[in-house]
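What follows is a set of notes on a single structure, which appears directly below.
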2 protein chains.
Amino acid sequence: MDFTEKTIQKDYKFRGRIMTVRVDQAELPNGKPCVREVCEHPGGVGVLPIDENGMVTLVRQFRYPYGETILEIPAGKMDHGPENAEACGRRELEEETGLSAEQMIPLGEIWPSPGFMDERLFLFCAKGLTQGETHPDEDEFVERVRMPFAELCELVRTGAIKDAKTVAAVGKVLLLRLAGDAGCAEV
Amino acid sequence: MDFTEKTIQKDYKFRGRIMTVRVDQAELPNGKPCVREVCEHPGGVGVLPIDENGMVTLVRQFRYPYGETILEIPAGKMDHGPENAEACGRRELEEETGLSAEQMIPLGEIWPSPGFMDERLFLFCAKGLTQGETHPDEDEFVERVRMPFAELCELVRTGAIKDAKTVAAVGKVLLLRLAGDAGCAEV
């Protein structure tokens, strides 16, 4: 079955620094008209760094929409021009943790809230890590937290970590390890 | 360290059927002013139904922001008033798949894009399933797809499934099964 909806007209409602909001007139597969709200987002990258001892590095930061300080994998928006996801991931990893990585193993892409938002978030596992200096943006308040991968799994399992990209990255690494094929031994 | 940012003023920019957008004047922990874009969302529920033979039921539907038809766990927004997440999950599961569940096992909550959005998405694993009639909303184009849980894992591992809540639900079930404690045998 073809479920495709056709765009008839786009009406932009808000243009911000992170999101652009529009309301489209569209057409359902049966030809009836419908209205679709879309939140446009530049996309992002999340990186799970795992060192040779199985230690991961996370960041703790305040997330304004929830009014809470939470633990997440290092991540950032793709807002520095036409860089590719891997380069963006390397930059964010280094800015937030001071780590540089020999290998950036792709863990695929997640779509955070596909009903109304177009964000594509690319996940990587960073290996072959070297610790350098941190140089966070001015006015960026980020704290590094290191722990064994097994402890991260526990924080996800118990619900202490709620950030979707962190939950997804942990799930992807587990699936790759369980599958145990050539590509999986790496993570 | 306290990283809390204080809200000084909220300025609403767009009020839609799904999202409400505001731009806040806020204050960083060091007292400097900052601007925070927030996309308010009513929250949602995602349900992974697994039957006694280990078969899962997914839904295929068109996601307008990406212009693609994708596979996901049954889900919906909490837009029917002050119902709790479990009741919302049961309703969405039945509407989209015709399944009713004896048990709704909580898999925790995910925050899809915490940098700028306040959506809380509650995940459940539905067990003890009974197949009834489907009665989708008019103008809702949804196709049911059944497969073994192991095949769902493969679709997540290879990146064929990108929907964040589906990736997260699979990761949570794996973690619970691997942990193997009292609560985990259930999923």
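Labeling convention for the structure tokens: chains A, B, ... as they appear, residues from 1 per chain, ligands from 1 in order of appearance.
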With only C-alpha atoms considered, list every residue of chain B at most 8 Å from chain A, as number ranges by chain. B: 3-5, 13-14, 16-19, 28, 30, 36-39, 61-69, 107-118, 139, 141, 153, 156-159, 162-165, 167-168, 170-172, 174-176
Write the residues of the selection above to a file with C-alpha atoms, as a compact mmCIF listing (two decimals), in the first residue's frame.
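Written out: result_35.txt:
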# COMPACT_ATOMS: atom_id res chain seq x y z
CA PHE B 3 24.05 23.99 36.73
CA THR B 4 20.48 25.26 37.14
CA GLU B 5 19.29 27.98 34.77
CA LYS B 13 5.63 32.23 19.57
CA PHE B 14 3.37 29.48 18.18
CA GLY B 16 -0.38 24.41 17.32
CA ARG B 17 -2.27 21.17 17.70
CA ILE B 18 0.87 19.17 18.51
CA MET B 19 3.48 21.66 19.65
CA LEU B 28 22.99 30.89 33.38
CA ASN B 30 27.12 32.36 36.39
CA ARG B 36 16.30 29.25 25.41
CA GLU B 37 13.99 27.95 22.67
CA VAL B 38 11.50 25.39 23.96
CA CYS B 39 9.17 23.15 22.00
CA GLN B 61 2.84 4.37 8.65
CA PHE B 62 3.81 7.48 6.70
CA ARG B 63 5.82 10.01 8.68
CA TYR B 64 5.27 13.36 7.05
CA PRO B 65 8.39 15.21 8.35
CA TYR B 66 10.64 12.63 6.61
CA GLY B 67 8.39 11.83 3.65
CA GLU B 68 8.82 8.11 4.35
CA THR B 69 6.71 5.16 5.41
CA LEU B 107 9.99 0.05 30.38
CA GLY B 108 10.60 3.56 31.66
CA GLU B 109 10.53 6.94 30.04
CA ILE B 110 12.61 8.50 27.26
CA TRP B 111 13.33 12.14 26.49
CA PRO B 112 13.57 12.34 22.69
CA SER B 113 15.47 15.59 22.16
CA PRO B 114 16.19 17.16 25.55
CA GLY B 115 18.13 20.17 24.26
CA PHE B 116 15.01 22.02 23.18
CA MET B 117 11.90 19.81 23.57
CA ASP B 118 10.02 18.74 26.72
CA ASP B 139 -8.16 9.01 7.69
CA PHE B 141 -3.46 4.87 7.33
CA CYS B 153 16.39 -6.85 16.82
CA VAL B 156 17.28 -2.23 14.74
CA ARG B 157 20.87 -3.47 14.58
CA THR B 158 21.18 -2.93 10.83
CA GLY B 159 19.60 0.53 11.01
CA LYS B 162 15.37 4.37 12.94
CA ASP B 163 12.43 5.37 15.13
CA ALA B 164 13.98 6.29 18.49
CA LYS B 165 11.22 4.88 20.71
CA VAL B 167 15.16 1.36 19.23
CA ALA B 168 14.85 2.31 22.91
CA VAL B 170 14.21 -3.04 22.07
CA GLY B 171 17.26 -1.93 24.06
CA LYS B 172 15.26 -1.90 27.29
CA LEU B 174 17.35 -6.72 25.99
CA LEU B 175 18.74 -5.11 29.15
CA LEU B 176 15.93 -6.54 31.27
Non-local contacts of Arg144 (chain A) (12 Å; only C-alpha atoms; under 2 positions in same chain excluded) as a PDB file with C-alpha atoms, in the first residue's frame:
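Output saved as part_12.pdb:
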ATOM      1  CA  PRO A  49      33.242   6.828  23.814  1.00  0.00           C
ATOM      2  CA  VAL A  56      32.647   5.194  28.995  1.00  0.00           C
ATOM      3  CA  THR A  57      32.687   8.986  29.281  1.00  0.00           C
ATOM      4  CA  LEU A  58      29.368  10.786  29.672  1.00  0.00           C
ATOM      5  CA  VAL A  59      28.467  14.421  30.276  1.00  0.00           C
ATOM      6  CA  ARG A  60      26.205  15.905  32.901  1.00  0.00           C
ATOM      7  CA  GLN A  61      24.414  19.075  31.894  1.00  0.00           C
ATOM      8  CA  ILE A  70      20.986  14.867  33.398  1.00  0.00           C
ATOM      9  CA  LEU A  71      23.579  12.351  32.178  1.00  0.00           C
ATOM     10  CA  GLU A  72      23.988  11.828  28.421  1.00  0.00           C
ATOM     11  CA  ILE A  73      26.504  10.763  25.836  1.00  0.00           C
ATOM     12  CA  PRO A  74      28.431  13.716  24.348  1.00  0.00           C
ATOM     13  CA  LEU A  93      33.416  14.745  21.567  1.00  0.00           C
ATOM     14  CA  GLU A  94      36.582  16.780  21.835  1.00  0.00           C
ATOM     15  CA  GLU A  95      34.829  19.996  22.920  1.00  0.00           C
ATOM     16  CA  GLU A  96      32.830  18.312  25.676  1.00  0.00           C
ATOM     17  CA  THR A  97      35.276  15.674  26.930  1.00  0.00           C
ATOM     18  CA  GLY A  98      38.740  16.441  25.514  1.00  0.00           C
ATOM     19  CA  LEU A  99      38.807  12.978  23.935  1.00  0.00           C
ATOM     20  CA  THR A 134      38.940  20.309  27.312  1.00  0.00           C
ATOM     21  CA  PRO A 136      34.240  24.067  26.303  1.00  0.00           C
ATOM     22  CA  PHE A 141      28.370  24.171  31.850  1.00  0.00           C
ATOM     23  CA  VAL A 142      29.263  20.544  31.328  1.00  0.00           C
ATOM     24  CA  ARG A 146      33.366   8.251  33.668  1.00  0.00           C
ATOM     25  CA  MET A 147      32.003   4.794  34.507  1.00  0.00           C
TER      26      MET A 147
ATOM     27  CA  MET B   1      28.038  21.729  40.971  1.00  0.00           C
TER      28      MET B   1
END
Mind listing the strand (DSSP E or B) residues of region 12-56 of chain B, per DSSP on the backbone, as a count of residues only? 29
Taking the DSSP secondary structure from the backbone, can you list the residues of region 15-134 of chain B that are alpha helix (DSSP H), as a ChimeraX atom specification? /B:85-97
Residues as selected, C-alpha atoms, written as a compact mmCIF listing (two decimals), in the first residue's frame, can you do that?
# COMPACT_ATOMS: atom_id res chain seq x y z
CA ALA B 85 0.41 6.72 30.48
CA GLU B 86 -0.67 3.10 30.87
CA ALA B 87 -4.29 3.81 29.94
CA CYS B 88 -3.11 5.86 26.96
CA GLY B 89 -0.83 3.00 25.89
CA ARG B 90 -3.67 0.46 26.11
CA ARG B 91 -5.93 2.69 24.01
CA GLU B 92 -3.31 3.31 21.31
CA LEU B 93 -2.36 -0.38 21.19
CA GLU B 94 -5.96 -1.37 20.67
CA GLU B 95 -6.70 1.38 18.13
CA GLU B 96 -3.68 0.62 15.97
CA THR B 97 -3.43 -3.17 16.27
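Our summary of the geometry notes that CA of Met78 (chain A) is positioned 10.6 Å from CA of Gly46 (chain A).
Remark: for Val47 (chain A), the closest of the candidate residues A:Val187, A:Ile105, A:Ile8, A:Cys125 is A:Cys125 (distances computed over only C-alpha atoms).
You will find CA of Gly128 (chain A) at 8.2 Å from CA of Ile50 (chain A).
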At what distance in Å, to one decimal, does CA of Glu133 (chain B) lie from CA of Asn84 (chain B)? 23.7 Å
